[in-house]
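Participant: This one is structure.txt, compact mmCIF, N, CA and C atoms and all ligand atoms.
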```txt
# COMPACT_ATOMS: atom_id res chain seq x y z
N MET Y 1 144.02 143.31 79.62
CA MET Y 1 142.63 142.93 79.91
C MET Y 1 142.59 142.10 81.20
N ASP Y 2 141.70 142.48 82.14
CA ASP Y 2 141.62 141.67 83.35
C ASP Y 2 140.91 140.37 83.04
N SER Y 3 141.20 139.36 83.88
CA SER Y 3 140.74 138.02 83.52
C SER Y 3 139.22 137.91 83.44
N ILE Y 4 138.49 138.66 84.25
CA ILE Y 4 137.05 138.50 84.29
C ILE Y 4 136.38 139.09 83.05
N SER Y 5 137.10 139.96 82.30
CA SER Y 5 136.51 140.51 81.09
C SER Y 5 136.87 139.70 79.84
N LYS Y 6 137.49 138.55 80.03
CA LYS Y 6 137.81 137.70 78.89
C LYS Y 6 136.54 137.13 78.27
N THR Y 7 136.62 136.83 76.99
CA THR Y 7 135.48 136.26 76.27
C THR Y 7 135.86 134.88 75.76
N GLU Y 8 134.91 134.20 75.14
CA GLU Y 8 135.19 132.84 74.65
C GLU Y 8 136.35 132.82 73.66
N ASP Y 9 136.49 133.91 72.88
CA ASP Y 9 137.59 133.94 71.90
C ASP Y 9 138.96 133.94 72.57
N ASP Y 10 139.01 134.37 73.81
CA ASP Y 10 140.29 134.39 74.53
C ASP Y 10 140.69 133.01 75.02
N ILE Y 11 139.74 132.10 75.11
CA ILE Y 11 140.07 130.79 75.70
C ILE Y 11 139.86 129.62 74.75
N PHE Y 12 139.30 129.89 73.56
CA PHE Y 12 139.10 128.80 72.61
C PHE Y 12 139.10 129.31 71.18
N LYS Y 13 139.89 128.63 70.36
CA LYS Y 13 139.85 128.90 68.91
C LYS Y 13 140.05 127.57 68.21
N CYS Y 14 139.05 127.10 67.51
CA CYS Y 14 139.14 125.79 66.87
C CYS Y 14 140.26 125.77 65.83
N ARG Y 15 141.10 124.76 65.89
CA ARG Y 15 142.21 124.62 64.93
C ARG Y 15 141.82 123.71 63.77
N MET Y 16 140.59 123.25 63.77
CA MET Y 16 140.09 122.38 62.69
C MET Y 16 140.94 121.11 62.53
N CYS Y 17 141.41 120.59 63.64
CA CYS Y 17 142.31 119.43 63.56
C CYS Y 17 141.55 118.11 63.46
N GLY Y 18 140.28 118.10 63.87
CA GLY Y 18 139.48 116.89 63.78
C GLY Y 18 139.64 115.92 64.94
N SER Y 19 140.47 116.26 65.91
CA SER Y 19 140.68 115.33 67.04
C SER Y 19 139.39 114.98 67.76
N CYS Y 20 138.51 115.97 67.88
CA CYS Y 20 137.28 115.70 68.65
C CYS Y 20 136.33 114.80 67.87
N CYS Y 21 136.65 114.50 66.63
CA CYS Y 21 135.79 113.62 65.82
C CYS Y 21 136.36 112.22 65.74
N SER Y 22 137.35 111.93 66.55
CA SER Y 22 137.94 110.58 66.53
C SER Y 22 137.69 109.89 67.86
N GLY Y 23 137.74 108.58 67.81
CA GLY Y 23 137.55 107.80 69.03
C GLY Y 23 136.13 107.34 69.16
N PHE Y 24 135.96 106.29 69.94
CA PHE Y 24 134.64 105.68 70.05
C PHE Y 24 133.78 106.30 71.13
N GLY Y 25 132.52 106.45 70.84
CA GLY Y 25 131.52 106.50 71.87
C GLY Y 25 131.16 107.82 72.48
N GLY Y 26 131.77 108.92 72.02
CA GLY Y 26 131.52 110.17 72.74
C GLY Y 26 130.25 110.88 72.39
N THR Y 27 129.73 110.65 71.20
CA THR Y 27 128.71 111.56 70.71
C THR Y 27 127.31 110.95 70.82
N TYR Y 28 126.64 111.30 71.90
CA TYR Y 28 125.28 110.78 72.11
C TYR Y 28 124.30 111.50 71.20
N VAL Y 29 123.31 110.75 70.74
CA VAL Y 29 122.26 111.34 69.91
C VAL Y 29 120.90 110.91 70.45
N SER Y 30 120.02 111.90 70.61
CA SER Y 30 118.66 111.62 71.07
C SER Y 30 117.83 111.14 69.88
N ARG Y 31 116.61 110.73 70.17
CA ARG Y 31 115.71 110.30 69.11
C ARG Y 31 115.48 111.44 68.11
N GLU Y 32 115.29 112.66 68.64
CA GLU Y 32 115.04 113.81 67.75
C GLU Y 32 116.28 114.11 66.88
N GLU Y 33 117.44 113.97 67.49
CA GLU Y 33 118.66 114.24 66.73
C GLU Y 33 118.87 113.18 65.66
N CYS Y 34 118.55 111.93 65.99
CA CYS Y 34 118.62 110.86 64.98
C CYS Y 34 117.70 111.19 63.80
N LEU Y 35 116.52 111.69 64.13
CA LEU Y 35 115.56 112.01 63.07
C LEU Y 35 116.10 113.13 62.18
N ALA Y 36 116.64 114.17 62.83
CA ALA Y 36 117.16 115.32 62.06
C ALA Y 36 118.31 114.88 61.15
N ILE Y 37 119.20 114.06 61.67
CA ILE Y 37 120.35 113.65 60.85
C ILE Y 37 119.90 112.71 59.74
N SER Y 38 118.98 111.80 60.08
CA SER Y 38 118.52 110.86 59.06
C SER Y 38 117.83 111.60 57.92
N GLN Y 39 117.05 112.63 58.26
CA GLN Y 39 116.40 113.42 57.21
C GLN Y 39 117.45 114.15 56.37
N PHE Y 40 118.46 114.67 57.05
CA PHE Y 40 119.51 115.43 56.36
C PHE Y 40 120.25 114.56 55.33
N ILE Y 41 120.50 113.31 55.71
CA ILE Y 41 121.27 112.44 54.79
C ILE Y 41 120.35 111.59 53.91
N GLY Y 42 119.03 111.75 54.09
CA GLY Y 42 118.10 111.03 53.23
C GLY Y 42 117.99 109.56 53.53
N CYS Y 43 117.77 109.25 54.79
CA CYS Y 43 117.74 107.86 55.23
C CYS Y 43 116.57 107.72 56.21
N ASP Y 44 115.93 106.58 56.26
CA ASP Y 44 114.85 106.46 57.24
C ASP Y 44 115.47 106.22 58.63
N PRO Y 45 114.78 106.67 59.69
CA PRO Y 45 115.37 106.64 61.04
C PRO Y 45 115.81 105.26 61.49
N ALA Y 46 115.06 104.21 61.16
CA ALA Y 46 115.44 102.86 61.61
C ALA Y 46 116.75 102.44 60.94
N SER Y 47 116.86 102.69 59.64
CA SER Y 47 118.11 102.35 58.94
C SER Y 47 119.25 103.20 59.45
N PHE Y 48 118.93 104.45 59.76
CA PHE Y 48 119.97 105.35 60.28
C PHE Y 48 120.59 104.78 61.55
N ARG Y 49 119.74 104.38 62.49
CA ARG Y 49 120.27 103.86 63.75
C ARG Y 49 121.09 102.59 63.51
N GLU Y 50 120.62 101.78 62.57
CA GLU Y 50 121.33 100.52 62.29
C GLU Y 50 122.68 100.76 61.63
N LYS Y 51 122.72 101.70 60.69
CA LYS Y 51 123.95 101.91 59.90
C LYS Y 51 124.92 102.89 60.53
N TYR Y 52 124.40 103.89 61.22
CA TYR Y 52 125.26 105.01 61.62
C TYR Y 52 125.41 105.19 63.14
N CYS Y 53 124.75 104.32 63.90
CA CYS Y 53 124.82 104.47 65.35
C CYS Y 53 125.29 103.17 66.01
N SER Y 54 125.74 103.32 67.24
CA SER Y 54 126.04 102.18 68.10
C SER Y 54 125.24 102.36 69.38
N VAL Y 55 124.90 101.25 69.99
CA VAL Y 55 124.17 101.32 71.26
C VAL Y 55 125.15 101.62 72.38
N SER Y 56 124.76 102.55 73.24
CA SER Y 56 125.58 102.85 74.42
C SER Y 56 124.64 103.01 75.60
N GLY Y 57 124.67 102.07 76.51
CA GLY Y 57 123.73 102.09 77.62
C GLY Y 57 122.32 101.96 77.07
N SER Y 58 121.46 102.92 77.47
CA SER Y 58 120.08 102.85 76.99
C SER Y 58 119.86 103.76 75.78
N GLY Y 59 120.95 104.33 75.27
CA GLY Y 59 120.80 105.25 74.14
C GLY Y 59 121.71 104.90 72.97
N TYR Y 60 121.89 105.89 72.12
CA TYR Y 60 122.72 105.70 70.93
C TYR Y 60 123.84 106.73 70.88
N VAL Y 61 124.95 106.30 70.31
CA VAL Y 61 126.04 107.24 69.98
C VAL Y 61 126.31 107.09 68.49
N LEU Y 62 126.90 108.12 67.90
CA LEU Y 62 127.29 108.00 66.49
C LEU Y 62 128.38 106.95 66.38
N ALA Y 63 128.29 106.13 65.35
CA ALA Y 63 129.26 105.05 65.15
C ALA Y 63 130.60 105.62 64.68
N THR Y 64 131.62 104.80 64.78
CA THR Y 64 132.92 105.18 64.24
C THR Y 64 133.22 104.36 62.99
N SER Y 65 134.01 104.95 62.10
CA SER Y 65 134.46 104.23 60.91
C SER Y 65 135.65 103.36 61.27
N GLU Y 66 136.11 102.59 60.30
CA GLU Y 66 137.28 101.72 60.57
C GLU Y 66 138.52 102.52 60.92
N ASP Y 67 138.58 103.77 60.45
CA ASP Y 67 139.75 104.59 60.76
C ASP Y 67 139.69 105.19 62.17
N GLY Y 68 138.62 104.89 62.89
CA GLY Y 68 138.51 105.36 64.27
C GLY Y 68 137.87 106.73 64.40
N ASN Y 69 137.52 107.34 63.28
CA ASN Y 69 136.85 108.64 63.32
C ASN Y 69 135.34 108.47 63.34
N CYS Y 70 134.66 109.52 63.76
CA CYS Y 70 133.20 109.53 63.66
C CYS Y 70 132.81 109.18 62.23
N ILE Y 71 131.73 108.45 62.11
CA ILE Y 71 131.31 107.98 60.80
C ILE Y 71 130.96 109.14 59.86
N PHE Y 72 130.72 110.32 60.41
CA PHE Y 72 130.40 111.48 59.58
C PHE Y 72 131.58 112.42 59.37
N PHE Y 73 132.76 111.95 59.75
CA PHE Y 73 133.94 112.80 59.55
C PHE Y 73 134.63 112.46 58.24
N ASP Y 74 134.97 113.51 57.49
CA ASP Y 74 135.69 113.34 56.24
C ASP Y 74 137.02 114.08 56.35
N ASP Y 75 138.09 113.41 55.99
CA ASP Y 75 139.44 114.00 56.13
C ASP Y 75 139.54 115.37 55.47
N LYS Y 76 138.89 115.52 54.33
CA LYS Y 76 139.02 116.78 53.59
C LYS Y 76 137.93 117.78 53.95
N LYS Y 77 136.71 117.28 54.14
CA LYS Y 77 135.59 118.19 54.38
C LYS Y 77 135.30 118.45 55.85
N GLY Y 78 135.84 117.63 56.73
CA GLY Y 78 135.49 117.75 58.15
C GLY Y 78 134.14 117.10 58.41
N CYS Y 79 133.33 117.75 59.22
CA CYS Y 79 132.02 117.19 59.55
C CYS Y 79 131.09 117.29 58.34
N THR Y 80 130.52 116.16 57.94
CA THR Y 80 129.65 116.15 56.75
C THR Y 80 128.18 116.35 57.12
N ILE Y 81 127.90 116.48 58.40
CA ILE Y 81 126.51 116.76 58.81
C ILE Y 81 126.47 118.05 59.63
N HIS Y 82 127.35 118.96 59.30
CA HIS Y 82 127.52 120.18 60.09
C HIS Y 82 126.18 120.87 60.46
N PRO Y 83 125.25 121.07 59.51
CA PRO Y 83 124.03 121.80 59.89
C PRO Y 83 123.18 121.09 60.93
N VAL Y 84 123.34 119.78 61.06
CA VAL Y 84 122.49 119.04 62.01
C VAL Y 84 123.34 118.24 63.01
N LYS Y 85 124.59 118.64 63.17
CA LYS Y 85 125.42 117.85 64.09
C LYS Y 85 124.86 117.96 65.51
N PRO Y 86 125.06 116.90 66.31
CA PRO Y 86 124.46 116.86 67.64
C PRO Y 86 124.91 118.01 68.54
N PRO Y 87 124.09 118.35 69.53
CA PRO Y 87 124.42 119.44 70.44
C PRO Y 87 125.79 119.29 71.08
N MET Y 88 126.17 118.06 71.40
CA MET Y 88 127.49 117.87 72.01
C MET Y 88 128.59 118.44 71.13
N CYS Y 89 128.44 118.26 69.83
CA CYS Y 89 129.45 118.76 68.88
C CYS Y 89 129.33 120.26 68.71
N ARG Y 90 128.09 120.76 68.67
CA ARG Y 90 127.89 122.20 68.45
C ARG Y 90 128.37 123.02 69.64
N LYS Y 91 128.18 122.50 70.83
CA LYS Y 91 128.49 123.28 72.03
C LYS Y 91 129.95 123.22 72.44
N TRP Y 92 130.63 122.16 72.04
CA TRP Y 92 132.01 121.96 72.48
C TRP Y 92 132.86 123.21 72.27
N PRO Y 93 133.70 123.59 73.24
CA PRO Y 93 133.90 122.96 74.54
C PRO Y 93 133.10 123.65 75.66
N PHE Y 94 132.11 124.48 75.25
CA PHE Y 94 131.37 125.25 76.26
C PHE Y 94 130.17 124.46 76.74
N ILE Y 95 130.44 123.37 77.40
CA ILE Y 95 129.37 122.48 77.84
C ILE Y 95 129.06 122.72 79.32
N GLU Y 96 127.80 122.50 79.63
CA GLU Y 96 127.31 122.81 80.98
C GLU Y 96 128.09 122.08 82.06
N ALA Y 97 128.55 120.86 81.76
CA ALA Y 97 129.24 120.06 82.77
C ALA Y 97 130.46 120.80 83.33
N VAL Y 98 131.06 121.67 82.52
CA VAL Y 98 132.26 122.39 82.99
C VAL Y 98 131.91 123.40 84.08
N ILE Y 99 130.67 123.92 84.03
CA ILE Y 99 130.27 124.84 85.09
C ILE Y 99 130.27 124.11 86.44
N HIS Y 100 129.82 122.87 86.41
CA HIS Y 100 129.75 122.09 87.65
C HIS Y 100 131.09 121.45 88.00
N HIS Y 101 131.87 121.15 86.99
CA HIS Y 101 133.17 120.51 87.23
C HIS Y 101 134.24 121.20 86.37
N PRO Y 102 134.63 122.41 86.76
CA PRO Y 102 135.58 123.17 85.93
C PRO Y 102 136.93 122.49 85.77
N GLU Y 103 137.25 121.56 86.67
CA GLU Y 103 138.52 120.84 86.53
C GLU Y 103 138.55 120.01 85.24
N ASN Y 104 137.36 119.72 84.69
CA ASN Y 104 137.32 118.94 83.44
C ASN Y 104 137.86 119.72 82.25
N TRP Y 105 137.90 121.05 82.37
CA TRP Y 105 138.34 121.87 81.24
C TRP Y 105 139.74 121.47 80.80
N ASN Y 106 140.66 121.37 81.75
CA ASN Y 106 142.03 121.02 81.40
C ASN Y 106 142.13 119.60 80.84
N VAL Y 107 141.28 118.70 81.34
CA VAL Y 107 141.28 117.33 80.81
C VAL Y 107 140.84 117.37 79.34
N MET Y 108 139.78 118.11 79.08
CA MET Y 108 139.28 118.23 77.71
C MET Y 108 140.35 118.89 76.82
N ALA Y 109 141.02 119.89 77.38
CA ALA Y 109 142.04 120.61 76.61
C ALA Y 109 143.22 119.71 76.25
N GLY Y 110 143.37 118.61 76.98
CA GLY Y 110 144.45 117.67 76.67
C GLY Y 110 144.29 117.04 75.30
N SER Y 111 143.03 116.98 74.79
CA SER Y 111 142.82 116.39 73.47
C SER Y 111 142.29 117.41 72.47
N CYS Y 112 142.20 118.65 72.89
CA CYS Y 112 141.70 119.70 71.99
C CYS Y 112 142.68 120.87 71.98
N PRO Y 113 143.50 120.97 70.93
CA PRO Y 113 144.52 122.01 70.90
C PRO Y 113 143.97 123.43 70.79
N GLY Y 114 142.68 123.56 70.54
CA GLY Y 114 142.09 124.90 70.46
C GLY Y 114 141.78 125.51 71.81
N MET Y 115 141.80 124.67 72.85
CA MET Y 115 141.43 125.17 74.18
C MET Y 115 142.65 125.63 74.94
N LYS Y 116 142.52 126.81 75.54
CA LYS Y 116 143.60 127.31 76.37
C LYS Y 116 143.52 126.66 77.75
N LYS Y 117 144.65 126.18 78.23
CA LYS Y 117 144.66 125.52 79.54
C LYS Y 117 144.77 126.53 80.68
N ASP Y 118 144.47 126.04 81.87
CA ASP Y 118 144.66 126.78 83.12
C ASP Y 118 143.92 128.13 83.15
N VAL Y 119 142.72 128.13 82.60
CA VAL Y 119 141.87 129.32 82.70
C VAL Y 119 141.29 129.35 84.12
N PRO Y 120 141.34 130.48 84.79
CA PRO Y 120 140.75 130.53 86.15
C PRO Y 120 139.28 130.07 86.12
N TRP Y 121 138.91 129.34 87.15
CA TRP Y 121 137.57 128.75 87.17
C TRP Y 121 136.46 129.79 87.13
N ASP Y 122 136.66 130.94 87.79
CA ASP Y 122 135.60 131.95 87.76
C ASP Y 122 135.41 132.49 86.34
N VAL Y 123 136.50 132.58 85.59
CA VAL Y 123 136.41 133.05 84.20
C VAL Y 123 135.67 132.02 83.36
N LEU Y 124 136.04 130.75 83.53
CA LEU Y 124 135.38 129.67 82.79
C LEU Y 124 133.88 129.67 83.04
N LYS Y 125 133.52 129.71 84.31
CA LYS Y 125 132.11 129.64 84.66
C LYS Y 125 131.33 130.79 84.07
N LYS Y 126 131.93 131.99 84.11
CA LYS Y 126 131.24 133.16 83.58
C LYS Y 126 131.05 133.03 82.07
N ILE Y 127 132.10 132.67 81.36
CA ILE Y 127 132.02 132.59 79.90
C ILE Y 127 131.01 131.51 79.47
N ILE Y 128 131.06 130.37 80.13
CA ILE Y 128 130.16 129.28 79.73
C ILE Y 128 128.71 129.61 80.09
N SER Y 129 128.51 130.25 81.23
CA SER Y 129 127.14 130.64 81.62
C SER Y 129 126.55 131.61 80.60
N VAL Y 130 127.35 132.60 80.19
CA VAL Y 130 126.88 133.58 79.20
C VAL Y 130 126.55 132.87 77.89
N LYS Y 131 127.42 131.97 77.49
CA LYS Y 131 127.24 131.24 76.23
C LYS Y 131 125.94 130.42 76.27
N ILE Y 132 125.74 129.69 77.35
CA ILE Y 132 124.55 128.85 77.46
C ILE Y 132 123.29 129.72 77.51
N ASN Y 133 123.38 130.84 78.23
CA ASN Y 133 122.26 131.75 78.31
C ASN Y 133 121.90 132.28 76.92
N ASN Y 134 122.91 132.65 76.16
CA ASN Y 134 122.66 133.15 74.81
C ASN Y 134 122.05 132.08 73.92
N GLN Y 135 122.50 130.83 74.09
CA GLN Y 135 121.94 129.73 73.29
C GLN Y 135 120.47 129.52 73.65
N ASN Y 136 120.16 129.62 74.95
CA ASN Y 136 118.78 129.43 75.37
C ASN Y 136 117.87 130.53 74.81
N ILE Y 137 118.42 131.78 74.79
CA ILE Y 137 117.62 132.90 74.26
C ILE Y 137 117.38 132.70 72.77
N ALA Y 138 118.45 132.23 72.09
CA ALA Y 138 118.33 132.05 70.63
C ALA Y 138 117.44 130.86 70.30
N GLY Y 139 117.21 130.00 71.30
CA GLY Y 139 116.35 128.83 71.08
C GLY Y 139 117.12 127.74 70.40
S1 LIG S 201 139.80 118.99 68.79
FE1 LIG S 201 139.39 121.15 69.31
S2 LIG S 201 140.64 122.33 67.90
FE2 LIG S 201 140.49 120.25 67.06
S3 LIG S 201 138.71 120.35 65.67
FE3 LIG S 201 137.97 119.66 67.66
S4 LIG S 201 137.28 121.55 68.67
FE4 LIG S 201 138.62 122.16 66.99
S1 LIG S 202 128.99 114.69 64.09
FE1 LIG S 202 130.50 115.93 63.03
S2 LIG S 202 131.41 117.26 64.59
FE2 LIG S 202 130.35 115.57 65.64
S3 LIG S 202 131.91 114.01 66.00
FE3 LIG S 202 130.89 113.52 64.05
S4 LIG S 202 132.12 114.50 62.45
FE4 LIG S 202 132.71 115.41 64.43
```
Could I get this file's structure written as structure tokens?
Ligand code: SF4
Ligand code: SF4
Facilitator:
Amino acid sequence: MDSISKTEDDIFKCRMCGSCCSGFGGTYVSREECLAISQFIGCDPASFREKYCSVSGSGYVLATSEDGNCIFFDDKKGCTIHPVKPPMCRKWPFIEAVIHHPENWNVMAGSCPGMKKDVPWDVLKKIISVKINNQNIAG
């Protein structure tokens, strides 16, 4: 298969290792996302922000537990808010920033064993553009 006909399955396969759910501060949540998650877990939005979020700049990120994992990560179940997890989590690793800065792909792959390293930049850009386009069409 020539490199330009590669698909997302050729460059990423999640190993379900949970690495991307550990560490502080990565997962930004908008007001709408806070509302969706708070409704999903049966909590009012103000309490949700207080109990499950941390302030980061002018916004919020999901808080971490004492074990250093995202507060919604469970060792056995994985993500416990899967149906409403934030876009950053749903899109990973096919995020728009990689189109503009494809060099970030290898950096991201350093902490995500599901990502194949050293993918040619033209291949990356094409796959991510198609993915984002499909997401936009699907709404
Ligand atoms: S770090 Fe990568 S391989 Fe591991 S769970 Fe997250 S997306 Fe999947
Ligand atoms: S919301 Fe879910 S997928 Fe996202 S970091 Fe937390 S546990 Fe992981």
Participant: Return as a count of residues only the residues of protein, DNA or RNA that approach ligand LIG 202 (chain S) to within 6.5 Å, with only N, CA and C atoms and all ligand atoms taken into account.
Facilitator: 19
Participant: Return as a JSON list (two decimals) with N, CA and C atoms, keeping the file's coordinate frame the residues of protein, DNA or RNA that approach ligand LIG 201 (chain S) to within 8 Å, with only C-alpha atoms and all ligand atoms taken into account.
Facilitator:
```
[["chain", "number", "residue", "atom", "x", "y", "z"],
["Y", 13, "LYS", "N", 139.89, 128.63, 70.36],
["Y", 13, "LYS", "CA", 139.85, 128.90, 68.91],
["Y", 13, "LYS", "C", 140.05, 127.57, 68.21],
["Y", 14, "CYS", "N", 139.05, 127.10, 67.51],
["Y", 14, "CYS", "CA", 139.14, 125.79, 66.87],
["Y", 14, "CYS", "C", 140.26, 125.77, 65.83],
["Y", 15, "ARG", "N", 141.10, 124.76, 65.89],
["Y", 15, "ARG", "CA", 142.21, 124.62, 64.93],
["Y", 15, "ARG", "C", 141.82, 123.71, 63.77],
["Y", 16, "MET", "N", 140.59, 123.25, 63.77],
["Y", 16, "MET", "CA", 140.09, 122.38, 62.69],
["Y", 16, "MET", "C", 140.94, 121.11, 62.53],
["Y", 17, "CYS", "N", 141.41, 120.59, 63.64],
["Y", 17, "CYS", "CA", 142.31, 119.43, 63.56],
["Y", 17, "CYS", "C", 141.55, 118.11, 63.46],
["Y", 18, "GLY", "N", 140.28, 118.10, 63.87],
["Y", 18, "GLY", "CA", 139.48, 116.89, 63.78],
["Y", 18, "GLY", "C", 139.64, 115.92, 64.94],
["Y", 19, "SER", "N", 140.47, 116.26, 65.91],
["Y", 19, "SER", "CA", 140.68, 115.33, 67.04],
["Y", 19, "SER", "C", 139.39, 114.98, 67.76],
["Y", 20, "CYS", "N", 138.51, 115.97, 67.88],
["Y", 20, "CYS", "CA", 137.28, 115.70, 68.65],
["Y", 20, "CYS", "C", 136.33, 114.80, 67.87],
["Y", 21, "CYS", "N", 136.65, 114.50, 66.63],
["Y", 21, "CYS", "CA", 135.79, 113.62, 65.82],
["Y", 21, "CYS", "C", 136.36, 112.22, 65.74],
["Y", 92, "TRP", "N", 130.63, 122.16, 72.04],
["Y", 92, "TRP", "CA", 132.01, 121.96, 72.48],
["Y", 92, "TRP", "C", 132.86, 123.21, 72.27],
["Y", 93, "PRO", "N", 133.70, 123.59, 73.24],
["Y", 93, "PRO", "CA", 133.90, 122.96, 74.54],
["Y", 93, "PRO", "C", 133.10, 123.65, 75.66],
["Y", 109, "ALA", "N", 141.02, 119.89, 77.38],
["Y", 109, "ALA", "CA", 142.04, 120.61, 76.61],
["Y", 109, "ALA", "C", 143.22, 119.71, 76.25],
["Y", 111, "SER", "N", 143.03, 116.98, 74.79],
["Y", 111, "SER", "CA", 142.82, 116.39, 73.47],
["Y", 111, "SER", "C", 142.29, 117.41, 72.47],
["Y", 112, "CYS", "N", 142.20, 118.65, 72.89],
["Y", 112, "CYS", "CA", 141.70, 119.70, 71.99],
["Y", 112, "CYS", "C", 142.68, 120.87, 71.98],
["Y", 113, "PRO", "N", 143.50, 120.97, 70.93],
["Y", 113, "PRO", "CA", 144.52, 122.01, 70.90],
["Y", 113, "PRO", "C", 143.97, 123.43, 70.79],
["Y", 114, "GLY", "N", 142.68, 123.56, 70.54],
["Y", 114, "GLY", "CA", 142.09, 124.90, 70.46],
["Y", 114, "GLY", "C", 141.78, 125.51, 71.81],
["Y", 115, "MET", "N", 141.80, 124.67, 72.85],
["Y", 115, "MET", "CA", 141.43, 125.17, 74.18],
["Y", 115, "MET", "C", 142.65, 125.63, 74.94]]
```
Participant: What lies within 7 Å of range 116-118 of chain Y using only C-alpha atoms, ignoring chain neighbours under 3 positions off, as an mmCIF file with N, CA and C atoms, in the frame of the given file?
Facilitator:
```cif
data_model
loop_
_atom_site.group_PDB
_atom_site.id
_atom_site.type_symbol
_atom_site.label_atom_id
_atom_site.label_comp_id
_atom_site.auth_asym_id
_atom_site.auth_seq_id
_atom_site.Cartn_x
_atom_site.Cartn_y
_atom_site.Cartn_z
ATOM 1 N N ILE Y 11 139.740 132.100 75.110
ATOM 2 C CA ILE Y 11 140.070 130.790 75.700
ATOM 3 C C ILE Y 11 139.860 129.620 74.750
ATOM 4 N N PHE Y 12 139.300 129.890 73.560
ATOM 5 C CA PHE Y 12 139.100 128.800 72.610
ATOM 6 C C PHE Y 12 139.100 129.310 71.180
ATOM 7 N N ASN Y 106 140.660 121.370 81.750
ATOM 8 C CA ASN Y 106 142.030 121.020 81.400
ATOM 9 C C ASN Y 106 142.130 119.600 80.840
ATOM 10 N N ALA Y 109 141.020 119.890 77.380
ATOM 11 C CA ALA Y 109 142.040 120.610 76.610
ATOM 12 C C ALA Y 109 143.220 119.710 76.250
#
```
Participant: Report as a PyMOL selection string: the residues of range 13-115 of chain Y with a DSSP assignment of alpha helix (DSSP H), based on the backbone of this structure.
Facilitator: chain Y and resi 31-41+45-52+87-91+96-100+104-109
Participant: Looking at all atoms listed in the file, which of Y:Asp44, Y:Met108, Y:Glu96, Y:Asn69 is the one that sits closest to Ile132 in chain Y?
Facilitator: Y:Glu96
Participant: Got a sec to check which residues sit within 6.5 Å of (122.1, 115.2, 63.3), counting only N, CA and C atoms, and write them as a CSV table (one decimal) with N, CA and C atoms, in the frame of the given file?
Facilitator:
```csv
chain,number,residue,atom,x,y,z
Y,33,GLU,N,117.4,114.0,67.5
Y,33,GLU,CA,118.7,114.2,66.7
Y,33,GLU,C,118.9,113.2,65.7
Y,34,CYS,N,118.6,111.9,66.0
Y,34,CYS,CA,118.6,110.9,65.0
Y,34,CYS,C,117.7,111.2,63.8
Y,35,LEU,N,116.5,111.7,64.1
Y,35,LEU,CA,115.6,112.0,63.1
Y,35,LEU,C,116.1,113.1,62.2
Y,36,ALA,N,116.6,114.2,62.8
Y,36,ALA,CA,117.2,115.3,62.1
Y,36,ALA,C,118.3,114.9,61.2
Y,37,ILE,N,119.2,114.1,61.7
Y,37,ILE,CA,120.4,113.6,60.8
Y,37,ILE,C,119.9,112.7,59.7
Y,38,SER,N,119.0,111.8,60.1
Y,38,SER,CA,118.5,110.9,59.1
Y,38,SER,C,117.8,111.6,57.9
Y,81,ILE,N,127.9,116.5,58.4
Y,81,ILE,CA,126.5,116.8,58.8
Y,81,ILE,C,126.5,118.0,59.6
Y,83,PRO,N,125.2,121.1,59.5
Y,83,PRO,CA,124.0,121.8,59.9
Y,83,PRO,C,123.2,121.1,60.9
Y,84,VAL,N,123.3,119.8,61.1
Y,84,VAL,CA,122.5,119.0,62.0
Y,84,VAL,C,123.3,118.2,63.0
Y,85,LYS,N,124.6,118.6,63.2
Y,85,LYS,CA,125.4,117.8,64.1
Y,85,LYS,C,124.9,118.0,65.5
Y,86,PRO,N,125.1,116.9,66.3
Y,86,PRO,CA,124.5,116.9,67.6
Y,86,PRO,C,124.9,118.0,68.5
```
Participant: Measure the distance from CA of Asp75 in chain Y to CA of Lys91 in chain Y in Å and round it to one decimal.
Facilitator: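 Going from CA of Asp75 in chain Y over to CA of Lys91 in chain Y, I get 21.4 Å.
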Participant: So how far away is CA of Gly59 in chain Y from atom N of Phe40 in chain Y, in Å?
Facilitator: 19.7 Å
Participant: Please indicate the distance in Å from atom C of Ser65 in chain Y to atom C of Tyr52 in chain Y, rounded to one decimal place.
Facilitator: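 Between these atoms lies a distance of 10.6 Å.
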Participant: Extract the full set of strand (DSSP E) residues from range 8-136 of chain Y according to DSSP on the backbone, and format it as a PyMOL selection string.
Facilitator: chain Y and resi 28-29+53-56+59-62+73-74+78-79
Participant: Go through Y:Ser30, Y:Ser54, Y:Asn134, Y:Ser129 one by one, measure the shortest atom-to-atom distance of each to Ile99 in chain Y using only C-alpha atoms, and give the residue with the smallest value.
Facilitator: Y:Ser129
Participant: Using all atoms listed in the file, pick whichever of Y:Ser5, Y:Phe94, Y:Gly68, Y:Ala46 has the shortest atom-to-atom distance to Ile128 in chain Y.
Facilitator: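 Selected residue with least distance to Ile128 in chain Y: Y:Phe94.
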Participant: Choose the residue, out of Y:Arg49, Y:Thr7, Y:Val61, Y:Cys43, that has the smallest atom-to-atom separation from Val29 in chain Y; count all atoms listed in the file.
Facilitator: Y:Val61
Participant: Identify which of the residues Y:Gly110, Y:Pro87, Y:Gly42, Y:Gly23 lies closest to Asp67 in chain Y, counting all atoms listed in the file when measuring atom-to-atom distances.
Facilitator: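 Smallest distance to Asp67 in chain Y is found for Y:Gly23.
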Participant: Counting all atoms listed in the file, which residue out of Y:Val55, Y:Asp9, Y:Val107, Y:Tyr60 sits closest to Arg31 in chain Y?
Facilitator: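 Answer, going by the shortest atom-to-atom distance: Y:Tyr60.
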